[in-house]
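Asks: Next up is a structure, given as structure tokens.
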Amino acid sequence: MSTAPIGIFDSGLGGLTVTRAIRSRLPHEALLYFGDTARVPYGNKSPALVQELALDIARFLVARGAKTLVVACNTASALALESLSAALNIPVIGVIEPGVDAALARTQTNRIGVIGTLATIRSRAYQTLLKTKREAVHVVGQPCPLLVPLVEEGWLTDPVTRLVAEKYLAEMNVSNLDTLILGCTHYPLLKPLLRSVVDGKTALVDSAETVADRLALELKRRKLVTTTEEPGNLEIFVTDTPARFEAVARRFLGHPLKNVSLVHLP
Ligand code: DGL
């Protein structure tokens with residue numbers, strides 16, 4: 001069991017930010033990555049549909065031998081984590097709690113913002129958990145639906161993206177917040193741009209590393225750490241346009257990908 005792979009999934013390629021953090025934290029683990037490129041974006045879909053899609057993908061990864069599931073997608077973590085944990089008999093790790101913990105460790109004024117897709121912000125998953133863990137916290141949630149397509153387009157430093165980000169962050173009065181959770185897989189790719197918009201006054205929290213730490217702990221606790229010393233393999237499954245995924249992912253991960261397969265879920 002311990003040499004079995006870790007399953008990671010996202011609605012598209014944004015989850016590679018989490019995959020990169022997991023790869024550097026756990027270099028010997030075999031990884032299976034599933035990007036639902038045929039149905040991205042999840043961020044404006046209904047909770048029922050996201051739960052259904054997430055379960056289909058989780059079952060696919062479990063059938064491929066996944067020993068643990070990482071829900072890298074914030075929208076799926078916000079809407080489907082509970083139903084996935086109930087349906088599967090492997091550990092399921094989402095990105096919301098690691099992001100919340102990182103933000104609470106970071107804030108000095110207890111004024112925290114969270115940006116994400118419409119579905120994530122509407123679910124109030126971040127807001128509720130922040131309040132549950134620390135009542136004194138003041139939370140502002142801001143949906144930023146235009147940022148995902150801009151990232152998918154590769155416009156990471158484009159003036160258009162900057163204008164859009166400025167507008168969203170002004171709407172949430174970011175200058176009154178000392179910590180901002182990047183509650184979407186795609187936003188870490190915009191870190192340099194967002195950093196310049198907040199002008200060093202607000203700390204940006206990207207949960208990818210906290211998720212990788214949480215996963216490492218969970219594997220240890222359940223005695224699931226791989227026994228191999230070889231570098232872990234990364235196998236990728238997408239539901240549409242593998243060539244496009246490969247091109248963007250190569251740019252993002254900084255090396256070519258060999259194993260991108262097209263799959264059709266029932
Ligand atoms: N992966 C999604 C998330 O982290 C962003 C893209 C989408 O809307 O599907 O919320």
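By convention here, the chains of the structure tokens are called A, B, ... in the order presented, each chain's residues are numbered starting at 1, and ligands are numbered starting at 1 in the order presented.
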Name each residue within 7 Å of ligand 1, counting only C-alpha atoms and all ligand atoms, as an MDAnalysis selection string.
Replies: chainID A and resid 10:12 14:15 40:44 72:76 116:117 120 148 183:186
Asks: Output C-alpha atoms for every residue in the selection just made, as a PDB file, in the first residue's frame.
Replies:
ATOM      1  CA  ASP A  10      -8.476  19.902  -9.756  1.00  0.00           C
ATOM      2  CA  SER A  11     -10.975  21.216 -12.248  1.00  0.00           C
ATOM      3  CA  GLY A  12      -8.101  22.075 -14.589  1.00  0.00           C
ATOM      4  CA  GLY A  14      -4.459  25.240 -11.419  1.00  0.00           C
ATOM      5  CA  GLY A  15      -3.933  22.278  -9.083  1.00  0.00           C
ATOM      6  CA  VAL A  40     -13.478  23.576 -16.047  1.00  0.00           C
ATOM      7  CA  PRO A  41     -14.509  25.994 -14.538  1.00  0.00           C
ATOM      8  CA  TYR A  42     -16.198  24.548 -11.461  1.00  0.00           C
ATOM      9  CA  GLY A  43     -16.361  27.983  -9.835  1.00  0.00           C
ATOM     10  CA  ASN A  44     -19.789  28.885 -11.191  1.00  0.00           C
ATOM     11  CA  ALA A  72      -6.465  20.693  -4.785  1.00  0.00           C
ATOM     12  CA  CYS A  73      -9.467  22.582  -6.151  1.00  0.00           C
ATOM     13  CA  ASN A  74     -10.779  25.170  -3.692  1.00  0.00           C
ATOM     14  CA  THR A  75     -14.285  25.044  -5.151  1.00  0.00           C
ATOM     15  CA  ALA A  76     -14.438  21.239  -4.819  1.00  0.00           C
ATOM     16  CA  GLY A 116     -11.923  32.779  -4.696  1.00  0.00           C
ATOM     17  CA  THR A 117     -14.485  31.658  -7.223  1.00  0.00           C
ATOM     18  CA  THR A 120     -16.190  29.096  -2.998  1.00  0.00           C
ATOM     19  CA  VAL A 148      -9.407  32.165 -13.627  1.00  0.00           C
ATOM     20  CA  GLY A 183      -8.566  30.760  -2.153  1.00  0.00           C
ATOM     21  CA  CYS A 184      -8.298  29.421  -5.682  1.00  0.00           C
ATOM     22  CA  THR A 185      -5.766  27.121  -7.330  1.00  0.00           C
ATOM     23  CA  HIS A 186      -5.056  29.661 -10.059  1.00  0.00           C
TER      24      HIS A 186
END
Asks: As a short mmCIF file (atom, residue, chain, number, x, y, z; two decimals) with N, CA and C atoms, in the first residue's frame, please: the residues near Phe237 in chain A (cut-off 10 Å, only C-alpha atoms, same-chain neighbours under 4 positions excluded).
Replies:
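Once everything was written out, this is part.cif:
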data_model
loop_
_atom_site.label_atom_id
_atom_site.label_comp_id
_atom_site.auth_asym_id
_atom_site.auth_seq_id
_atom_site.Cartn_x
_atom_site.Cartn_y
_atom_site.Cartn_z
N PHE A 9 -6.56 16.09 -7.38
CA PHE A 9 -7.39 16.53 -8.49
C PHE A 9 -7.79 17.98 -8.41
N LEU A 32 -0.63 10.89 -8.91
CA LEU A 32 -1.57 10.86 -10.02
C LEU A 32 -2.30 12.19 -10.00
N TYR A 33 -2.27 12.91 -11.11
CA TYR A 33 -2.96 14.21 -11.16
C TYR A 33 -4.11 14.12 -12.14
N PHE A 34 -5.27 14.57 -11.71
CA PHE A 34 -6.44 14.57 -12.60
C PHE A 34 -6.91 16.00 -12.79
N GLY A 35 -6.93 16.47 -14.04
CA GLY A 35 -7.44 17.81 -14.35
C GLY A 35 -8.69 17.66 -15.22
N ASP A 36 -9.81 18.16 -14.71
CA ASP A 36 -11.07 17.97 -15.43
C ASP A 36 -11.25 19.07 -16.48
N THR A 37 -10.33 19.07 -17.45
CA THR A 37 -10.26 20.17 -18.42
C THR A 37 -11.49 20.27 -19.32
N LEU A 61 -9.57 7.83 -9.44
CA LEU A 61 -8.23 7.81 -8.83
C LEU A 61 -8.09 6.64 -7.85
N PRO A 242 -5.35 17.40 -24.10
CA PRO A 242 -4.10 17.11 -23.39
C PRO A 242 -2.91 17.93 -23.91
N PHE A 245 -2.94 21.28 -22.29
CA PHE A 245 -2.57 21.12 -20.87
C PHE A 245 -1.06 20.98 -20.75
N ASN A 259 3.67 12.09 -19.23
CA ASN A 259 2.52 11.18 -19.12
C ASN A 259 1.18 11.87 -19.03
N VAL A 260 0.76 12.60 -20.06
CA VAL A 260 -0.57 13.21 -20.01
C VAL A 260 -1.51 12.36 -20.84
N SER A 261 -2.51 11.75 -20.21
CA SER A 261 -3.44 10.88 -20.93
C SER A 261 -4.83 11.49 -20.94
N LEU A 262 -5.51 11.28 -22.06
CA LEU A 262 -6.90 11.73 -22.17
C LEU A 262 -7.81 10.62 -21.66
N VAL A 263 -8.72 10.97 -20.74
CA VAL A 263 -9.67 9.94 -20.26
C VAL A 263 -11.08 10.47 -20.38
N HIS A 264 -12.01 9.55 -20.51
CA HIS A 264 -13.42 9.93 -20.54
C HIS A 264 -14.09 9.28 -19.34
#
Asks: Which of these, A:Lys45, A:Glu29, A:Thr68, A:Leu13, has the shortest distance to Thr241 in chain A once you count only C-alpha atoms?
Replies: A:Leu13
Asks: Can you pull out every residue from range 71-244 of chain A that DSSP, working from the backbone, puts in alpha helix (DSSP H), and format the result as a tab-separated table (two decimals) with C-alpha atoms, in the first residue's frame?
Replies:
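Dumped everything to states_34.tsv:
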chain	number	residue	atom	x	y	z
A	74	ASN	CA	-10.78	25.17	-3.69
A	75	THR	CA	-14.28	25.04	-5.15
A	76	ALA	CA	-14.44	21.24	-4.82
A	77	SER	CA	-12.91	21.45	-1.32
A	78	ALA	CA	-15.52	24.01	-0.31
A	79	LEU	CA	-18.48	22.11	-1.74
A	80	ALA	CA	-17.58	18.42	-1.81
A	81	LEU	CA	-15.05	17.60	0.91
A	82	GLU	CA	-17.60	16.17	3.31
A	83	SER	CA	-19.37	14.04	0.70
A	84	LEU	CA	-16.02	12.73	-0.59
A	85	SER	CA	-14.80	11.83	2.91
A	86	ALA	CA	-18.08	10.02	3.58
A	87	ALA	CA	-17.99	8.09	0.30
A	96	ILE	CA	-9.54	25.09	2.95
A	97	GLU	CA	-8.34	24.17	6.43
A	98	PRO	CA	-4.60	24.43	5.60
A	99	GLY	CA	-5.29	27.89	4.10
A	100	VAL	CA	-7.25	28.97	7.16
A	101	ASP	CA	-4.51	27.75	9.53
A	102	ALA	CA	-1.82	29.53	7.53
A	103	ALA	CA	-3.83	32.78	7.56
A	104	LEU	CA	-4.50	32.60	11.31
A	105	ALA	CA	-0.80	32.01	11.94
A	106	ARG	CA	0.04	35.02	9.79
A	118	LEU	CA	-18.12	32.61	-6.86
A	119	ALA	CA	-19.00	29.12	-5.58
A	120	THR	CA	-16.19	29.10	-3.00
A	121	ILE	CA	-17.04	32.51	-1.58
A	122	ARG	CA	-20.79	31.80	-1.66
A	123	SER	CA	-20.29	28.54	0.23
A	125	ALA	CA	-16.43	27.59	3.74
A	126	TYR	CA	-13.41	29.83	4.45
A	127	GLN	CA	-15.39	32.46	6.35
A	128	THR	CA	-17.10	29.89	8.60
A	129	LEU	CA	-13.94	27.95	9.40
A	130	LEU	CA	-11.96	31.13	10.16
A	131	LYS	CA	-14.70	32.26	12.57
A	132	THR	CA	-14.96	28.79	14.15
A	133	LYS	CA	-11.23	28.68	14.82
A	147	LEU	CA	-9.19	35.88	-12.71
A	148	VAL	CA	-9.41	32.17	-13.63
A	149	PRO	CA	-9.89	32.74	-17.39
A	150	LEU	CA	-7.10	35.34	-17.37
A	151	VAL	CA	-4.72	32.83	-15.79
A	152	GLU	CA	-5.84	30.07	-18.19
A	159	PRO	CA	-2.17	45.20	-17.63
A	160	VAL	CA	-5.72	43.91	-18.19
A	161	THR	CA	-5.28	41.35	-15.41
A	162	ARG	CA	-3.83	44.05	-13.19
A	163	LEU	CA	-6.85	46.29	-13.72
A	164	VAL	CA	-9.24	43.44	-12.95
A	165	ALA	CA	-7.31	42.51	-9.79
A	166	GLU	CA	-7.18	46.14	-8.68
A	167	LYS	CA	-10.94	46.46	-9.04
A	168	TYR	CA	-11.70	43.29	-7.06
A	169	LEU	CA	-9.25	44.14	-4.29
A	170	ALA	CA	-10.53	47.72	-4.05
A	171	GLU	CA	-14.09	46.34	-3.73
A	191	LYS	CA	1.32	36.26	-6.84
A	192	PRO	CA	3.82	38.76	-8.30
A	193	LEU	CA	1.00	40.84	-9.77
A	194	LEU	CA	-1.16	40.67	-6.62
A	195	ARG	CA	1.84	41.52	-4.46
A	196	SER	CA	2.40	44.69	-6.42
A	197	VAL	CA	-1.31	45.60	-6.20
A	198	VAL	CA	-1.37	45.27	-2.40
A	208	ALA	CA	-0.04	24.92	-1.36
A	209	GLU	CA	2.85	24.44	1.06
A	210	THR	CA	0.59	24.04	4.08
A	211	VAL	CA	-1.37	21.38	2.16
A	212	ALA	CA	1.87	19.54	1.37
A	213	ASP	CA	2.87	19.66	5.07
A	214	ARG	CA	-0.57	18.40	6.11
A	215	LEU	CA	-0.34	15.56	3.60
A	216	ALA	CA	3.14	14.58	4.83
A	217	LEU	CA	1.85	14.43	8.43
A	218	GLU	CA	-1.21	12.41	7.44
A	219	LEU	CA	0.89	9.86	5.52
A	220	LYS	CA	3.20	9.47	8.49
A	221	ARG	CA	0.35	9.17	10.96
A	242	PRO	CA	-4.10	17.11	-23.39
A	243	ALA	CA	-1.73	18.97	-25.75
A	244	ARG	CA	-2.87	22.36	-24.45
Asks: Have a look at CA of Ile115 in chain A and CA of Gly7 in chain A and let me know their distance in Å, one decimal.
Replies: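 Calculated distance between CA of Ile115 in chain A and CA of Gly7 in chain A is 25.6 Å.
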Asks: Tell me which of A:Leu31, A:Pro188, A:Arg25, A:Leu180 sits closest to Arg64 in chain A, counting only C-alpha atoms.
Replies: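 Between A:Leu31, A:Pro188, A:Arg25, A:Leu180, the residue approaching Arg64 in chain A most closely is A:Leu31.
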